[in-house]
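Asks: Let me give you the structure first, and then I'll get to my questions.
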Amino acid sequence: MESPIYNVALLSVIDRELDDLSEEYGDLPERIKKIKSRLDDAKIRLKESENILAENKKFASSAKNKLTSLKTQEEKLSKQQFLVRNNKEFDAITREIENIRDEYSKLSTELRSTGVREENLIAKIEEQKKEVTDIKTELEDIETEYEQISNDQNEDVVNLRKKRKDTQKKISKEFMKDYNRVREHTKDAAVRVRRNSCSGCFSAVPPQKIVEIRNNLDQLFFCENCGRILYPEDIDIDSTTF
Ligand SMILES: [Zn+2]
């Protein structure tokens with residue numbers, strides 16, 4: 001049966017292998033994250049422009065209706081003007097017609113500037129759509145690159161993860177706590193004693209401690225210099241076997 005310290009050592013080797021594999025991705029994950037956030041921003045800007053355009057169109061369509069109805073009102077009033085009985089009524093209708101014409105002209109001016117705004121917006125939206133498409137292409141390219149690595153590694157990673165799970169099951173909670181604590185600051189959390197030294201930081205391990213390490217395979221010993229877990233020299237794990 002494997003000793004408790006053997007399993008801790010094995011776990012450490014497996015974790016280093018997994019670290020190496022994830023290092024093959026380099027800065028791809030970080031770059032993917034940045035592109036995705038740029039894509040989100042570009043999409044938001046596009047949506048905003050599209051909303052403004054929709055508002056513009058809504059305004060234009062209601063303004064057109066309003067203009068038609070003002071025209072009808074004006075025509076109706078002009079006809080009424082012929083039927084008035086006195087000057088007072090004539091003047092009142094004249095004022096009403098003037099008001100309507102004012103409103104008509106104001107609204108026409110607004111509608112024209114809305115038209116210009118709409119043209120600008122449409123051009124802007126085209127640009128923004130292109131930007132979104134370009135970023136999407138960029139993202140696809142880099143994701144393909146990522147997938148390639150992932151496909152190449154897939155079998156190894158699945159294998160290692162399974163092996164890691166099996167190994168972890170054999171390690172006590174207490175040991176795992178220590179192991180995880182060390183691994184927070186040193187990736188190779190458990191290292192072999194080699195030539196009477198810690199193979200993590202190369203500082204010498206006292207002879208008495210080496211004897212203890214060798215004789216107590218159900219205990220954890222730590223390097224006094226770097227804090228790594230130490231395992232005996234005769235435990236030599238060959239990572240190429242898994
Ligand atoms: Zn050390």
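Residue names in the structure tokens use chain letters A, B, ... in the order shown, residue numbers from 1 in each chain, and ligand numbers from 1 in the order shown.
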Go through chain A and flag each residue having an atom no more than 10 Å from ligand 1; for those, report the closest pair of atoms plus their distance in Å to one decimal, using only C-alpha atoms and all ligand atoms, ordered by chain and rising number, as a Markdown table.

Replies:
| residue | atom | partner | partner_atom_place_in_ligand_line | distance |
| --- | --- | --- | --- | --- |
| A:Ala189 | CA | ligand 1 | 1 (Zn) | 9.9 |
| A:Ala190 | CA | ligand 1 | 1 (Zn) | 9.6 |
| A:Val191 | CA | ligand 1 | 1 (Zn) | 8.1 |
| A:Arg192 | CA | ligand 1 | 1 (Zn) | 9.7 |
| A:Val193 | CA | ligand 1 | 1 (Zn) | 9.1 |
| A:Ser197 | CA | ligand 1 | 1 (Zn) | 7.7 |
| A:Cys198 | CA | ligand 1 | 1 (Zn) | 4.6 |
| A:Ser199 | CA | ligand 1 | 1 (Zn) | 6.6 |
| A:Gly200 | CA | ligand 1 | 1 (Zn) | 4.9 |
| A:Cys201 | CA | ligand 1 | 1 (Zn) | 4.1 |
| A:Phe202 | CA | ligand 1 | 1 (Zn) | 6.1 |
| A:Ser203 | CA | ligand 1 | 1 (Zn) | 5.8 |
| A:Ala204 | CA | ligand 1 | 1 (Zn) | 8.1 |
| A:Val205 | CA | ligand 1 | 1 (Zn) | 8.4 |
| A:Phe222 | CA | ligand 1 | 1 (Zn) | 7.9 |
| A:Cys223 | CA | ligand 1 | 1 (Zn) | 4.6 |
| A:Glu224 | CA | ligand 1 | 1 (Zn) | 6.6 |
| A:Asn225 | CA | ligand 1 | 1 (Zn) | 5.0 |
| A:Cys226 | CA | ligand 1 | 1 (Zn) | 4.1 |
| A:Gly227 | CA | ligand 1 | 1 (Zn) | 6.1 |
| A:Arg228 | CA | ligand 1 | 1 (Zn) | 5.7 |
| A:Ile229 | CA | ligand 1 | 1 (Zn) | 8.2 |
| A:Leu230 | CA | ligand 1 | 1 (Zn) | 8.0 |

Asks: Near Lys76 in chain A, counting only C-alpha atoms, which residues have an atom at most 12 Å away, once you skip same-chain residues fewer than 4 positions from it, shown as an MDAnalysis selection string?

Replies: chainID A and resid 69:72 80:83 93 96:97 100

Asks: Grab the residues selected above and save them as a compact mmCIF listing (two decimals), in the first residue's frame with N, CA and C atoms.

Replies:
# COMPACT_ATOMS: atom_id res chain seq x y z
N SER A 69 -52.28 66.37 -40.70
CA SER A 69 -53.49 66.84 -40.03
C SER A 69 -53.52 68.36 -39.92
N LEU A 70 -52.36 68.99 -39.78
CA LEU A 70 -52.30 70.46 -39.76
C LEU A 70 -52.73 71.04 -41.09
N LYS A 71 -52.28 70.38 -42.16
CA LYS A 71 -52.63 70.81 -43.52
C LYS A 71 -54.15 70.74 -43.70
N THR A 72 -54.72 69.62 -43.28
CA THR A 72 -56.18 69.43 -43.40
C THR A 72 -56.92 70.52 -42.62
N GLN A 80 -63.69 77.89 -44.38
CA GLN A 80 -64.59 78.55 -43.43
C GLN A 80 -64.52 80.07 -43.55
N GLN A 81 -63.33 80.53 -43.91
CA GLN A 81 -63.11 81.97 -43.96
C GLN A 81 -64.07 82.66 -44.95
N PHE A 82 -64.46 81.90 -45.99
CA PHE A 82 -65.39 82.46 -46.98
C PHE A 82 -66.80 82.58 -46.44
N LEU A 83 -67.07 81.85 -45.39
CA LEU A 83 -68.45 81.79 -44.90
C LEU A 83 -68.70 82.69 -43.68
N ILE A 93 -60.30 83.48 -37.37
CA ILE A 93 -59.88 82.35 -38.22
C ILE A 93 -58.48 82.62 -38.79
N GLU A 96 -56.01 81.78 -36.26
CA GLU A 96 -55.90 80.33 -36.11
C GLU A 96 -55.04 79.72 -37.22
N ILE A 97 -55.31 80.22 -38.45
CA ILE A 97 -54.54 79.73 -39.59
C ILE A 97 -53.05 80.06 -39.42
N ILE A 100 -51.48 77.70 -37.01
CA ILE A 100 -51.28 76.38 -37.63
C ILE A 100 -50.06 76.42 -38.55

Asks: So the first atom is CA of Gln208 in chain A and the second is CA of Tyr6 in chain A; what is the distance between them in Å, to one decimal place?

Replies: 20.3 Å

Asks: Env of Val132 in chain A: 7 Å cut, atoms = only C-alpha atoms, seq-sep filter 2 positions within chain, self excluded. Answer as a ChimeraX atom specification.

Replies: /A:39,42-43,128-130,134-136

Asks: Can you write out as CSV which residues of range 9-110 of chain A fall within 9 Å of range 157-179 of chain A, alongside each residue's closest atom pair and its distance in Å to one decimal, counting only C-alpha atoms and ordering rows by chain and ascending residue number?

Replies:
residue,atom,partner,partner_atom,distance
A:Leu10,CA,A:Thr167,CA,7.4
A:Leu11,CA,A:Arg164,CA,6.2
A:Ser12,CA,A:Tyr179,CA,8.6
A:Ile14,CA,A:Arg164,CA,6.5
A:Asp15,CA,A:Arg164,CA,7.7
A:Glu17,CA,A:Leu160,CA,7.9
A:Leu18,CA,A:Val157,CA,7.0
A:Leu21,CA,A:Val157,CA,7.7

Asks: Can those selected residues be exported to a file as a compact mmCIF listing (two decimals), in the first residue's frame so that it contains C-alpha atoms?

Replies:
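Printed below is result10.txt as written:
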# COMPACT_ATOMS: atom_id res chain seq x y z
CA LEU A 10 2.05 12.06 -6.20
CA LEU A 11 -0.58 14.78 -5.93
CA SER A 12 2.11 17.43 -6.12
CA ILE A 14 0.16 15.64 -10.87
CA ASP A 15 -0.61 19.27 -10.04
CA GLU A 17 1.82 18.47 -14.74
CA LEU A 18 -1.60 20.13 -14.85
CA LEU A 21 -0.49 22.01 -19.45

Asks: Could you tell me which of A:Glu233, A:Asp218, A:Asp27, A:Glu2 comes closest to Tyr146 in chain A if we count only C-alpha atoms?

Replies: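 Using only C-alpha atoms, the shortest distance to Tyr146 in chain A belongs to A:Asp27.
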
Asks: So that I can check the secondary structure, give me every residue of range 128-238 of chain A assigned strand (DSSP E or B) by backbone DSSP, as an NGL selection string.

Replies: :A and (190-194 or 197-198 or 204 or 221-222 or 229-231)

Asks: Need the shell around Asp40 in chain A: protein/DNA/RNA residues with any atom at most 12 Å away, counting only C-alpha atoms. Skip same-chain ones fewer than 5 positions apart. Format as a PyMOL selection string?

Replies: chain A and resi 33-35+45-47+131-133+135-136+139

Asks: Given the selection you just returned, output its residues as a file containing N, CA and C atoms, formatted as a PDB file, in the first residue's frame.

Replies:
ATOM      1  N   LYS A  33     -10.656  36.975 -22.705  1.00  0.00           N
ATOM      2  CA  LYS A  33     -11.484  37.753 -21.774  1.00  0.00           C
ATOM      3  C   LYS A  33     -11.588  39.211 -22.237  1.00  0.00           C
ATOM      4  N   LYS A  34     -10.444  39.764 -22.643  1.00  0.00           N
ATOM      5  CA  LYS A  34     -10.429  41.173 -23.067  1.00  0.00           C
ATOM      6  C   LYS A  34     -11.250  41.384 -24.335  1.00  0.00           C
ATOM      7  N   ILE A  35     -11.096  40.443 -25.306  1.00  0.00           N
ATOM      8  CA  ILE A  35     -11.851  40.578 -26.555  1.00  0.00           C
ATOM      9  C   ILE A  35     -13.347  40.479 -26.271  1.00  0.00           C
ATOM     10  N   ARG A  45     -22.893  49.718 -27.627  1.00  0.00           N
ATOM     11  CA  ARG A  45     -22.905  50.963 -28.408  1.00  0.00           C
ATOM     12  C   ARG A  45     -23.832  50.843 -29.617  1.00  0.00           C
ATOM     13  N   LEU A  46     -23.781  49.689 -30.281  1.00  0.00           N
ATOM     14  CA  LEU A  46     -24.639  49.454 -31.442  1.00  0.00           C
ATOM     15  C   LEU A  46     -26.109  49.514 -31.034  1.00  0.00           C
ATOM     16  N   LYS A  47     -26.421  48.843 -29.943  1.00  0.00           N
ATOM     17  CA  LYS A  47     -27.810  48.798 -29.458  1.00  0.00           C
ATOM     18  C   LYS A  47     -28.300  50.216 -29.138  1.00  0.00           C
ATOM     19  N   GLU A 131     -17.751  46.923 -36.735  1.00  0.00           N
ATOM     20  CA  GLU A 131     -16.875  46.755 -35.568  1.00  0.00           C
ATOM     21  C   GLU A 131     -17.229  45.454 -34.830  1.00  0.00           C
ATOM     22  N   VAL A 132     -18.521  45.237 -34.600  1.00  0.00           N
ATOM     23  CA  VAL A 132     -18.971  44.018 -33.900  1.00  0.00           C
ATOM     24  C   VAL A 132     -18.522  42.781 -34.686  1.00  0.00           C
ATOM     25  N   THR A 133     -18.732  42.817 -36.004  1.00  0.00           N
ATOM     26  CA  THR A 133     -18.349  41.671 -36.833  1.00  0.00           C
ATOM     27  C   THR A 133     -16.837  41.422 -36.755  1.00  0.00           C
ATOM     28  N   ILE A 135     -14.731  42.240 -34.367  1.00  0.00           N
ATOM     29  CA  ILE A 135     -14.336  41.697 -33.048  1.00  0.00           C
ATOM     30  C   ILE A 135     -14.742  40.229 -32.947  1.00  0.00           C
ATOM     31  N   LYS A 136     -15.916  39.906 -33.498  1.00  0.00           N
ATOM     32  CA  LYS A 136     -16.370  38.498 -33.467  1.00  0.00           C
ATOM     33  C   LYS A 136     -15.373  37.602 -34.202  1.00  0.00           C
ATOM     34  N   LEU A 139     -12.342  37.131 -32.141  1.00  0.00           N
ATOM     35  CA  LEU A 139     -12.624  36.205 -31.042  1.00  0.00           C
ATOM     36  C   LEU A 139     -12.631  34.758 -31.548  1.00  0.00           C
TER      37      LEU A 139
END

Asks: Set the distance at 12 Å and use only C-alpha atoms: which residues neighbour Asn215 in chain A once local chain neighbours fewer than 4 positions away are removed? I'd like the list as a ChimeraX atom specification.

Replies: /A:3,5,208-211,219-221,231-234

Asks: Let me see the file: selected residues, C-alpha atoms, as an mmCIF file, in the first residue's frame.

Replies:
data_model
loop_
_atom_site.group_PDB
_atom_site.id
_atom_site.type_symbol
_atom_site.label_atom_id
_atom_site.label_comp_id
_atom_site.auth_asym_id
_atom_site.auth_seq_id
_atom_site.Cartn_x
_atom_site.Cartn_y
_atom_site.Cartn_z
ATOM 1 C CA SER A 3 2.167 5.534 2.235
ATOM 2 C CA ILE A 5 3.337 10.843 2.113
ATOM 3 C CA GLN A 208 18.025 14.209 12.101
ATOM 4 C CA LYS A 209 15.047 15.510 10.168
ATOM 5 C CA ILE A 210 15.957 13.404 7.143
ATOM 6 C CA VAL A 211 15.863 10.326 9.333
ATOM 7 C CA GLN A 219 3.492 12.448 8.882
ATOM 8 C CA LEU A 220 4.069 15.686 7.068
ATOM 9 C CA PHE A 221 7.412 17.483 7.398
ATOM 10 C CA TYR A 231 9.143 13.708 1.016
ATOM 11 C CA PRO A 232 11.899 11.114 1.276
ATOM 12 C CA GLU A 233 14.516 10.696 -1.404
ATOM 13 C CA ASP A 234 13.519 7.110 -2.212
#

Asks: Hey, which of A:Glu118, A:Glu75, A:Glu127, A:Glu24 ends up closest to Arg101 in chain A? Count only C-alpha atoms.

Replies: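 Looking at the shortest contact to Arg101 in chain A, the residue is A:Glu75.
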
Asks: Can you pull out the residues contacting Glu50 in chain A? Cut-off 10 Å, using only C-alpha atoms, and skip same-chain residues under 3 positions away; I want them as number ranges by chain.

Replies: A: 44-47, 53-56, 121-122, 124-125
